[in-house]
Structure formats: structure tokens, C-alpha cells
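The next block is model_5.csv, given as CSV, C-alpha atoms.
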chain,number,residue,atom,x,y,z
A,1,MET,CA,-127.2,-74.2,-111.2
A,2,THR,CA,-127.9,-74.5,-107.4
A,3,ASP,CA,-125.5,-75.1,-104.5
A,4,SER,CA,-127.3,-78.3,-103.5
A,5,PRO,CA,-124.9,-81.1,-102.6
A,6,ILE,CA,-127.2,-83.6,-104.2
A,7,PRO,CA,-126.3,-84.4,-107.9
A,8,ARG,CA,-128.9,-83.3,-110.4
A,9,MET,CA,-130.9,-86.3,-111.6
A,10,PRO,CA,-131.5,-85.9,-115.4
A,11,LEU,CA,-135.1,-87.1,-115.1
A,12,GLY,CA,-136.4,-84.8,-117.8
A,13,GLU,CA,-133.7,-86.0,-120.2
A,14,TRP,CA,-134.6,-89.7,-119.5
A,15,VAL,CA,-138.3,-89.0,-120.2
A,16,GLU,CA,-137.4,-87.1,-123.4
A,17,THR,CA,-135.2,-90.0,-124.6
A,18,GLY,CA,-138.0,-92.4,-123.8
A,19,VAL,CA,-140.6,-90.4,-125.8
A,20,ASP,CA,-138.1,-90.1,-128.7
A,21,TRP,CA,-137.6,-93.9,-128.6
A,22,VAL,CA,-141.3,-94.7,-128.5
A,23,THR,CA,-141.9,-92.2,-131.3
A,24,ASP,CA,-139.3,-93.7,-133.6
A,25,THR,CA,-140.1,-97.4,-132.7
A,26,PHE,CA,-143.8,-97.2,-133.0
A,27,ARG,CA,-144.1,-94.6,-135.8
A,28,PRO,CA,-146.2,-96.8,-138.1
A,29,PHE,CA,-148.6,-97.6,-135.3
A,30,PHE,CA,-149.0,-93.9,-134.4
A,31,GLY,CA,-149.5,-93.1,-138.0
A,32,PHE,CA,-152.4,-95.6,-138.1
A,33,VAL,CA,-153.9,-94.3,-134.9
A,34,LYS,CA,-153.7,-90.7,-136.3
A,35,GLU,CA,-155.5,-91.7,-139.5
A,36,VAL,CA,-158.3,-93.5,-137.5
A,37,LEU,CA,-158.8,-90.7,-135.0
A,38,SER,CA,-158.7,-88.0,-137.6
A,39,GLY,CA,-161.2,-89.9,-139.8
A,40,ALA,CA,-163.5,-90.5,-136.9
A,41,TYR,CA,-163.4,-86.9,-135.8
A,42,ASP,CA,-164.0,-85.6,-139.4
A,43,GLY,CA,-166.9,-87.9,-139.8
A,44,LEU,CA,-168.6,-87.0,-136.5
A,45,SER,CA,-168.0,-83.2,-136.9
A,46,GLU,CA,-169.4,-83.3,-140.5
A,47,LEU,CA,-172.4,-85.2,-139.2
A,48,LEU,CA,-173.1,-82.5,-136.5
A,49,LEU,CA,-172.6,-79.7,-139.0
A,50,ALA,CA,-174.6,-81.2,-141.8
A,51,PRO,CA,-178.1,-80.1,-140.8
A,52,PRO,CA,-179.1,-76.4,-140.2
A,53,PHE,CA,-178.3,-75.3,-136.7
A,54,TRP,CA,-182.0,-75.1,-135.7
A,55,VAL,CA,-182.6,-78.8,-136.6
A,56,LEU,CA,-179.8,-80.0,-134.4
A,57,ALA,CA,-180.7,-77.6,-131.7
A,58,VAL,CA,-184.3,-79.1,-131.6
A,59,LEU,CA,-182.9,-82.6,-131.6
A,60,LEU,CA,-180.5,-81.8,-128.7
A,61,ALA,CA,-183.4,-80.1,-126.9
A,62,LEU,CA,-185.5,-83.3,-127.3
A,63,VAL,CA,-182.6,-85.2,-125.7
A,64,ALA,CA,-182.7,-82.7,-122.8
A,65,LEU,CA,-186.5,-83.2,-122.6
A,66,VAL,CA,-186.2,-86.9,-122.3
A,67,ALA,CA,-183.2,-86.8,-119.8
A,68,LYS,CA,-184.3,-84.0,-117.5
A,69,GLY,CA,-187.6,-82.3,-118.5
A,70,TRP,CA,-188.9,-79.3,-120.3
A,71,ARG,CA,-187.0,-76.7,-118.3
A,72,LEU,CA,-183.6,-78.1,-119.5
A,73,ALA,CA,-185.0,-78.4,-123.0
A,74,LEU,CA,-186.0,-74.7,-122.9
A,75,VAL,CA,-182.5,-73.8,-121.6
A,76,ALA,CA,-180.9,-75.8,-124.3
A,77,VAL,CA,-182.9,-74.1,-127.1
A,78,VAL,CA,-182.1,-70.6,-125.7
A,79,GLY,CA,-178.4,-71.6,-125.1
A,80,PHE,CA,-177.9,-73.1,-128.6
A,81,THR,CA,-179.6,-70.1,-130.2
A,82,LEU,CA,-177.2,-67.8,-128.3
A,83,ILE,CA,-174.3,-69.8,-129.6
A,84,ALA,CA,-175.5,-69.5,-133.2
A,85,SER,CA,-176.2,-65.8,-132.8
A,86,VAL,CA,-172.5,-65.1,-131.9
A,87,ASP,CA,-171.3,-67.2,-134.9
A,88,GLN,CA,-169.8,-69.9,-132.7
A,89,TRP,CA,-172.1,-72.8,-133.9
A,90,ASP,CA,-169.5,-74.5,-136.1
A,91,ASN,CA,-166.8,-74.2,-133.4
A,92,ALA,CA,-169.3,-75.5,-130.8
A,93,MET,CA,-170.2,-78.6,-132.9
A,94,LYS,CA,-166.5,-79.3,-133.6
A,95,THR,CA,-165.9,-79.1,-129.8
A,96,LEU,CA,-168.9,-81.3,-129.1
A,97,ALA,CA,-167.5,-83.9,-131.7
A,98,LEU,CA,-164.1,-83.9,-130.0
A,99,VAL,CA,-165.7,-84.3,-126.5
A,100,LEU,CA,-168.0,-87.1,-127.6
A,101,LEU,CA,-165.2,-89.0,-129.4
A,102,ALA,CA,-162.7,-88.6,-126.6
A,103,SER,CA,-165.3,-89.5,-124.0
A,104,VAL,CA,-166.3,-92.7,-125.8
A,105,ILE,CA,-162.7,-93.8,-126.1
A,106,ALA,CA,-161.9,-92.9,-122.5
A,107,LEU,CA,-165.0,-94.9,-121.2
A,108,ALA,CA,-164.2,-97.8,-123.5
A,109,ILE,CA,-160.9,-98.1,-121.6
A,110,ALA,CA,-161.9,-96.9,-118.2
A,111,VAL,CA,-165.0,-99.2,-117.5
A,112,PRO,CA,-163.2,-102.5,-118.2
A,113,VAL,CA,-160.2,-101.4,-116.2
A,114,GLY,CA,-162.5,-100.3,-113.3
A,115,ILE,CA,-164.3,-103.7,-113.4
A,116,TRP,CA,-160.9,-105.5,-113.4
A,117,ALA,CA,-159.7,-103.4,-110.5
A,118,ALA,CA,-162.9,-104.0,-108.5
A,119,ARG,CA,-162.5,-107.8,-108.9
A,120,ASN,CA,-158.8,-108.0,-108.3
A,121,ASP,CA,-157.0,-106.3,-105.4
A,122,THR,CA,-153.6,-106.6,-107.0
A,123,VAL,CA,-154.8,-104.8,-110.1
A,124,SER,CA,-156.4,-102.1,-107.9
A,125,ALA,CA,-153.1,-101.6,-106.0
A,126,VAL,CA,-151.3,-101.1,-109.3
A,127,VAL,CA,-153.9,-98.9,-111.0
A,128,LYS,CA,-154.4,-96.5,-108.1
A,129,PRO,CA,-151.0,-94.8,-108.1
A,130,VAL,CA,-151.2,-94.6,-111.9
A,131,LEU,CA,-154.5,-92.8,-111.6
A,132,ASP,CA,-153.1,-90.5,-108.9
A,133,PHE,CA,-150.3,-89.6,-111.3
A,134,MET,CA,-152.7,-89.0,-114.2
A,135,GLN,CA,-155.0,-86.8,-112.1
A,136,THR,CA,-152.3,-84.6,-110.5
A,137,MET,CA,-150.2,-84.1,-113.5
A,138,PRO,CA,-150.9,-80.6,-114.9
A,139,ALA,CA,-153.1,-80.8,-118.0
A,140,PHE,CA,-150.7,-78.9,-120.2
A,141,VAL,CA,-148.0,-81.5,-119.7
A,142,TYR,CA,-150.0,-84.1,-121.6
A,143,LEU,CA,-149.9,-81.9,-124.7
A,144,ILE,CA,-146.1,-82.0,-125.0
A,145,PRO,CA,-145.5,-85.7,-125.8
A,146,THR,CA,-148.7,-85.9,-127.9
A,147,VAL,CA,-147.4,-83.1,-130.1
A,148,VAL,CA,-144.1,-84.8,-130.4
A,149,ILE,CA,-145.8,-88.0,-131.5
A,150,PHE,CA,-148.7,-86.8,-133.5
A,151,LEU,CA,-147.5,-83.2,-134.4
A,152,THR,CA,-150.1,-80.4,-134.2
A,153,GLY,CA,-153.8,-80.7,-135.0
A,154,VAL,CA,-156.9,-82.4,-133.6
A,155,VAL,CA,-155.3,-85.8,-133.0
A,156,PRO,CA,-152.9,-84.8,-130.2
A,157,GLY,CA,-155.9,-83.0,-128.6
A,158,ILE,CA,-158.0,-86.1,-128.7
A,159,VAL,CA,-155.2,-88.3,-127.3
A,160,ALA,CA,-154.4,-85.8,-124.5
A,161,THR,CA,-158.1,-85.5,-123.7
A,162,VAL,CA,-158.5,-89.3,-123.4
A,163,ILE,CA,-155.6,-89.5,-121.0
A,164,PHE,CA,-156.7,-86.6,-118.9
A,165,ALA,CA,-160.4,-87.7,-118.7
A,166,LEU,CA,-159.7,-91.4,-118.1
A,167,ALA,CA,-159.1,-91.5,-114.3
A,168,PRO,CA,-162.6,-90.8,-112.9
A,169,GLY,CA,-164.1,-93.4,-115.2
A,170,VAL,CA,-161.9,-96.1,-113.6
A,171,ARG,CA,-162.3,-94.9,-110.1
A,172,PHE,CA,-166.1,-94.6,-110.1
A,173,THR,CA,-166.6,-97.9,-111.8
A,174,GLU,CA,-164.4,-99.7,-109.3
A,175,LEU,CA,-166.1,-97.8,-106.4
A,176,GLY,CA,-169.6,-98.7,-107.7
A,177,ILE,CA,-168.9,-102.4,-108.0
A,178,ARG,CA,-167.1,-102.6,-104.6
A,179,GLN,CA,-170.1,-100.9,-103.0
A,180,VAL,CA,-172.5,-103.6,-104.1
A,181,ASP,CA,-173.7,-105.5,-101.0
A,182,GLY,CA,-171.6,-108.7,-100.6
A,183,GLU,CA,-174.7,-110.6,-99.4
A,184,VAL,CA,-176.4,-109.9,-102.8
A,185,VAL,CA,-173.4,-111.3,-104.6
A,186,GLU,CA,-173.3,-114.4,-102.3
A,187,ALA,CA,-177.0,-115.0,-103.0
A,188,GLY,CA,-176.3,-115.0,-106.7
A,189,GLN,CA,-173.4,-117.5,-106.2
A,190,ALA,CA,-175.7,-119.6,-104.0
A,191,PHE,CA,-178.1,-119.9,-107.0
A,192,GLY,CA,-175.2,-121.1,-109.2
A,193,ALA,CA,-174.7,-117.9,-111.2
A,194,THR,CA,-171.4,-117.6,-112.9
A,195,PRO,CA,-169.0,-114.7,-112.1
A,196,GLY,CA,-169.8,-113.2,-115.5
A,197,ARG,CA,-173.6,-113.4,-115.0
A,198,ILE,CA,-173.3,-111.9,-111.5
A,199,LEU,CA,-171.3,-109.0,-113.0
A,200,ARG,CA,-173.8,-108.4,-115.8
A,201,GLN,CA,-177.0,-109.0,-113.9
A,202,VAL,CA,-176.2,-108.0,-110.3
A,203,GLN,CA,-173.1,-105.8,-109.9
A,204,LEU,CA,-173.3,-103.6,-112.9
A,205,PRO,CA,-177.0,-102.7,-112.6
A,206,LEU,CA,-176.6,-101.9,-108.9
A,207,ALA,CA,-173.4,-99.9,-109.6
A,208,MET,CA,-174.9,-98.0,-112.5
A,209,PRO,CA,-175.7,-94.7,-110.6
A,210,THR,CA,-172.1,-94.5,-109.5
A,211,ILE,CA,-170.8,-95.5,-112.9
A,212,MET,CA,-172.9,-92.8,-114.5
A,213,ALA,CA,-171.5,-90.3,-112.1
A,214,GLY,CA,-168.1,-91.3,-113.5
A,215,VAL,CA,-169.4,-90.9,-117.0
A,216,ASN,CA,-170.4,-87.4,-116.1
A,217,GLN,CA,-167.0,-86.6,-114.7
A,218,VAL,CA,-165.3,-88.0,-117.8
A,219,ILE,CA,-167.4,-85.8,-120.1
A,220,MET,CA,-166.8,-82.7,-118.1
A,221,LEU,CA,-163.0,-83.2,-117.9
A,222,ALA,CA,-163.0,-83.9,-121.6
A,223,LEU,CA,-164.7,-80.6,-122.3
A,224,SER,CA,-162.2,-78.7,-120.1
A,225,MET,CA,-159.3,-80.5,-121.9
A,226,VAL,CA,-160.5,-79.9,-125.4
A,227,VAL,CA,-160.4,-76.1,-124.7
A,228,ILE,CA,-156.8,-76.4,-123.6
A,229,SER,CA,-156.1,-78.5,-126.7
A,230,GLY,CA,-156.7,-75.4,-128.8
A,231,MET,CA,-153.1,-74.6,-127.9
A,232,VAL,CA,-151.9,-77.4,-130.2
A,233,GLY,CA,-154.2,-76.5,-133.1
A,234,ALA,CA,-157.3,-78.6,-132.2
A,235,GLU,CA,-160.4,-77.2,-133.9
A,236,GLY,CA,-163.3,-75.8,-132.0
A,237,LEU,CA,-164.0,-73.2,-129.3
A,238,GLY,CA,-160.6,-73.8,-127.7
A,239,ARG,CA,-158.8,-72.4,-130.7
A,240,ASP,CA,-160.8,-69.2,-130.5
A,241,VAL,CA,-160.1,-68.9,-126.8
A,242,VAL,CA,-156.4,-69.3,-127.4
A,243,SER,CA,-156.5,-66.8,-130.3
A,244,ALA,CA,-158.4,-64.3,-128.1
A,245,LEU,CA,-155.9,-64.7,-125.4
A,246,SER,CA,-152.9,-64.2,-127.7
A,247,SER,CA,-154.4,-61.1,-129.4
A,248,VAL,CA,-156.2,-59.8,-126.2
A,249,GLU,CA,-159.6,-59.8,-127.9
A,250,VAL,CA,-162.0,-59.7,-125.0
A,251,GLY,CA,-165.1,-60.0,-127.1
A,252,MET,CA,-164.0,-63.1,-129.0
A,253,GLY,CA,-162.8,-64.7,-125.8
A,254,PHE,CA,-166.2,-64.1,-124.0
A,255,GLU,CA,-168.2,-65.4,-126.9
A,256,ALA,CA,-166.1,-68.6,-127.1
A,257,GLY,CA,-166.1,-68.9,-123.3
A,258,ILE,CA,-169.9,-68.5,-122.9
A,259,SER,CA,-170.4,-71.1,-125.6
A,260,VAL,CA,-168.2,-73.5,-123.6
A,261,VAL,CA,-170.3,-72.8,-120.5
A,262,ILE,CA,-173.5,-73.6,-122.4
A,263,LEU,CA,-172.1,-76.9,-123.7
A,264,ALA,CA,-170.9,-77.8,-120.2
A,265,ILE,CA,-174.4,-77.1,-118.7
A,266,PHE,CA,-176.1,-79.2,-121.4
A,267,LEU,CA,-173.8,-82.2,-121.1
A,268,ASP,CA,-173.7,-82.1,-117.3
A,269,ARG,CA,-177.5,-81.9,-116.9
A,270,VAL,CA,-178.2,-84.5,-119.6
A,271,THR,CA,-175.8,-87.1,-118.1
A,272,ALA,CA,-177.1,-86.4,-114.6
A,273,GLY,CA,-180.7,-86.8,-115.8
A,274,LEU,CA,-179.9,-90.1,-117.5
A,275,SER,CA,-178.2,-91.3,-114.3
A,276,ALA,CA,-181.3,-90.5,-112.3
A,277,ARG,CA,-183.3,-92.6,-114.8
A,278,THR,CA,-181.5,-95.9,-114.1
A,279,PRO,CA,-183.7,-98.5,-112.3
A,280,VAL,CA,-181.6,-98.5,-109.1
A,281,ALA,CA,-181.6,-94.7,-108.9
A,282,LYS,CA,-185.4,-94.7,-109.3
A,283,ALA,CA,-185.7,-97.3,-106.6
A,284,LEU,CA,-183.5,-95.3,-104.2
A,285,ALA,CA,-185.5,-92.2,-104.9
A,286,THR,CA,-188.8,-94.0,-104.3
A,287,SER,CA,-187.5,-95.4,-101.0
A,288,ARG,CA,-186.5,-92.0,-99.7
A,289,SER,CA,-189.8,-90.4,-100.6
Take the structure in the file and give it back as C-alpha cells.
Amino acid sequence: MTDSPIPRMPLGEWVETGVDWVTDTFRPFFGFVKEVLSGAYDGLSELLLAPPFWVLAVLLALVALVAKGWRLALVAVVGFTLIASVDQWDNAMKTLALVLLASVIALAIAVPVGIWAARNDTVSAVVKPVLDFMQTMPAFVYLIPTVVIFLTGVVPGIVATVIFALAPGVRFTELGIRQVDGEVVEAGQAFGATPGRILRQVQLPLAMPTIMAGVNQVIMLALSMVVISGMVGAEGLGRDVVSALSSVEVGMGFEAGISVVILAIFLDRVTAGLSARTPVAKALATSRS
């Protein structure tokens, strides 16, 4: 109790009551979502774990070669070999499956919302404070209601990761489309192009470098969140990090941590490389040279 003359507002109790109401009212829907997400995660993780590690390491190195060049491919081979040598390959692939699944879901929501916000000022005015809330709320807080709704396991980790990683996808998509020169859009309108055609053939291609920067941010935030999701029982490197923290095992914590760093470098450089390969990015690079 404090001596403040202002009566205490039971904001936390209201939120708790609201979460309980949502959980009870939509229990069948949440059960369906849990089954779908759990099945998608199991399928993707089994796909990544099915081949021997060196086969998948070579395939991922080829992706790095196409996206960025031989130096990143070499770094990928060395990094993935290091992960396998410390017996973290299975955990790394489960983490990669969680990151990819959560990122795809986040982008499937973020890009349409970003396009809508870019084309409608009212939607933009409504969405911005929501994004501010999502980006400033401590990441651990997202785990609490997801555990209440989905209990422990990988599903609350996926849902919390999607919510946490969503915001930059919306912001960068809106920013990229709003930065498209108005005269270019007017030229399209003058030639009789429909709004949908202008969006698909003018605005989205020109905004693609900025949108890809948002994709990069979504993936990196997803990777940081899946590690935190180990606290609620999500499989992968995060669970080892949490276990090492609770039992003060420095070696296990370092091995899991360095595996996260290698995954982060790979995902960041590959998405950055793919962004630089868009036609607009190539044209800008050519004009500057």
C-alpha cells in the first residue's frame, strides 16, 4: 500500500478478467489454432531434421552463396559444422523451424496491414499507437497470456513470437509504399491503371528494398523471441539457454548461445543479400556507382 491520495486503479485485474473471458469464450477456436500451429511446427522441424546435418548444411550454404556470395557460404559451412560439433544441431533446426514459421505468419499479417495503412490515413492513425504498444511492451509480458490460453509448449512460443515480431513488418511496408514518388503513381493513373495494378506493378516493386528491410527485422526479432520462449517450454536453443541459466552451467549456455549467434548471422546476411538483389536495389546501386 502507498500513501498516494489517488485510488488504485485495478488495471491488472481488468486485464486478467479479460484474458479469462477470452480464454473461456474462444476455447474451441484456440484449440483449433493450437492443433494447426503444433502440426505445422512438427512438420517443418521433422523436415529440417530428416537429412544428415551435412546435407542440410550444404543446402543452406548454397542459399548463402546465391544470396550473398562465397564468403557467406564459407562462413555458413564453418558455422553449421561448429553447431553440429557441440551437439546443438537438433536444437538449432528446431529453433530455425520456429523462426521460419513465426516469421511467415507475422509477414502474412504485417504486409497487408502495412499496405492498408499506407493507402488509408485513418487506418495508419489507428495502427501506429497499437504498434507503439507492441514494440515497447517487454517481451516477457507476451508469454503470460499465451501460456494462459495455450498452456506451455511450442505453441505459446510461436504466438508470442508472432506478436513480438509483427510491428516492423507493418512499419516498413507502410514506409516503403509512402516513399514511392507521387508523380510515378500519377503517371500510372494517367495511363488508366487501376489502384490494384498500380499497387502490384508500381508501388510494391519500388518499395521492395524497404519491405525487405522489414522482413529482415521481423526475422531477427523472431529469433530473439524464440530464445525467450524457451521459458515456457518451447523446443530449441532457448530451452537450453534457460536450462543453463537455472542450473548455472556456463558451458551449455555458451554452446547454445553461440549457436543462436551463428543462426542470427546466417539469417541476417541472407535476407540482406536477397534485398540487395531486387531490381530497384540493383538500379540504385548502379546509379550510385
For Lys34 in chain A, which residue among A:Val155, A:Leu223, A:Ala139, A:Ala117 is the nearest when counting only C-alpha atoms?
A:Val155
Using all atoms listed in the file, which residue out of A:Phe164, A:Val130, A:Leu37, A:Ile83 lies closest to Tyr142 in chain A?
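The answer is A:Phe164, which sits nearest to Tyr142 in chain A.
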Computed interatomic separation between CA of Phe150 in chain A and CA of Thr25 in chain A (Å)
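These two atoms are separated by 13.7 Å.
CA of Thr173 in chain A is found 28.8 Å from CA of Ala61 in chain A.
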Determine, counting all atoms listed in the file, which protein, DNA and RNA residues have an atom within 8 Å of an atom of Val232 in chain A; residues of the same chain fewer than 4 positions away are not included. Present the result as a ChimeraX atom specification.
/A:143,147,152-154,156-157
Counting all atoms listed in the file, the residue of A:Pro7, A:Ser124, A:Glu46, A:Ile149 that sits nearest Phe30 in chain A:
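Closest candidate: A:Ile149.
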Mind checking which residues fall within 12 Å of Val184 in chain A, counting all atoms listed in the file, ignoring those fewer than 2 positions away in the same chain, and posting them as a ChimeraX atom specification?
/A:177-182,186-191,193,198-199,201-203,206
Quick one: pull the distance between CA of Ala73 in chain A and CA of Met212 in chain A, Å, one decimal.
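So the two atoms, CA of Ala73 in chain A and CA of Met212 in chain A, lie 20.6 Å apart.
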Write out as a list of chain:residue names the residues lying within 12 Å of Pro52 in chain A, counting only C-alpha atoms and excluding same-chain residues fewer than 6 positions away.
A:Glu46, A:Val58, A:Leu59, A:Thr81, A:Ala84, A:Trp89, A:Asp90, A:Met93
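If you count all atoms listed in the file and ignore residues fewer than 2 places along the chain from Val241 in chain A, what sits within 9 Å of it is Val227, Ile228, Gly230, Leu237, Gly238, Arg239, Ser243, Ala244, Leu245, Ser246, Met252, Gly253, Phe254, Glu255, Ala256 and Gly257 of chain A.
When only C-alpha atoms are used to measure the gap to Leu98 in chain A, the shortest distance among A:Phe29, A:Tyr41, A:Trp116, A:Phe266 belongs to A:Tyr41.
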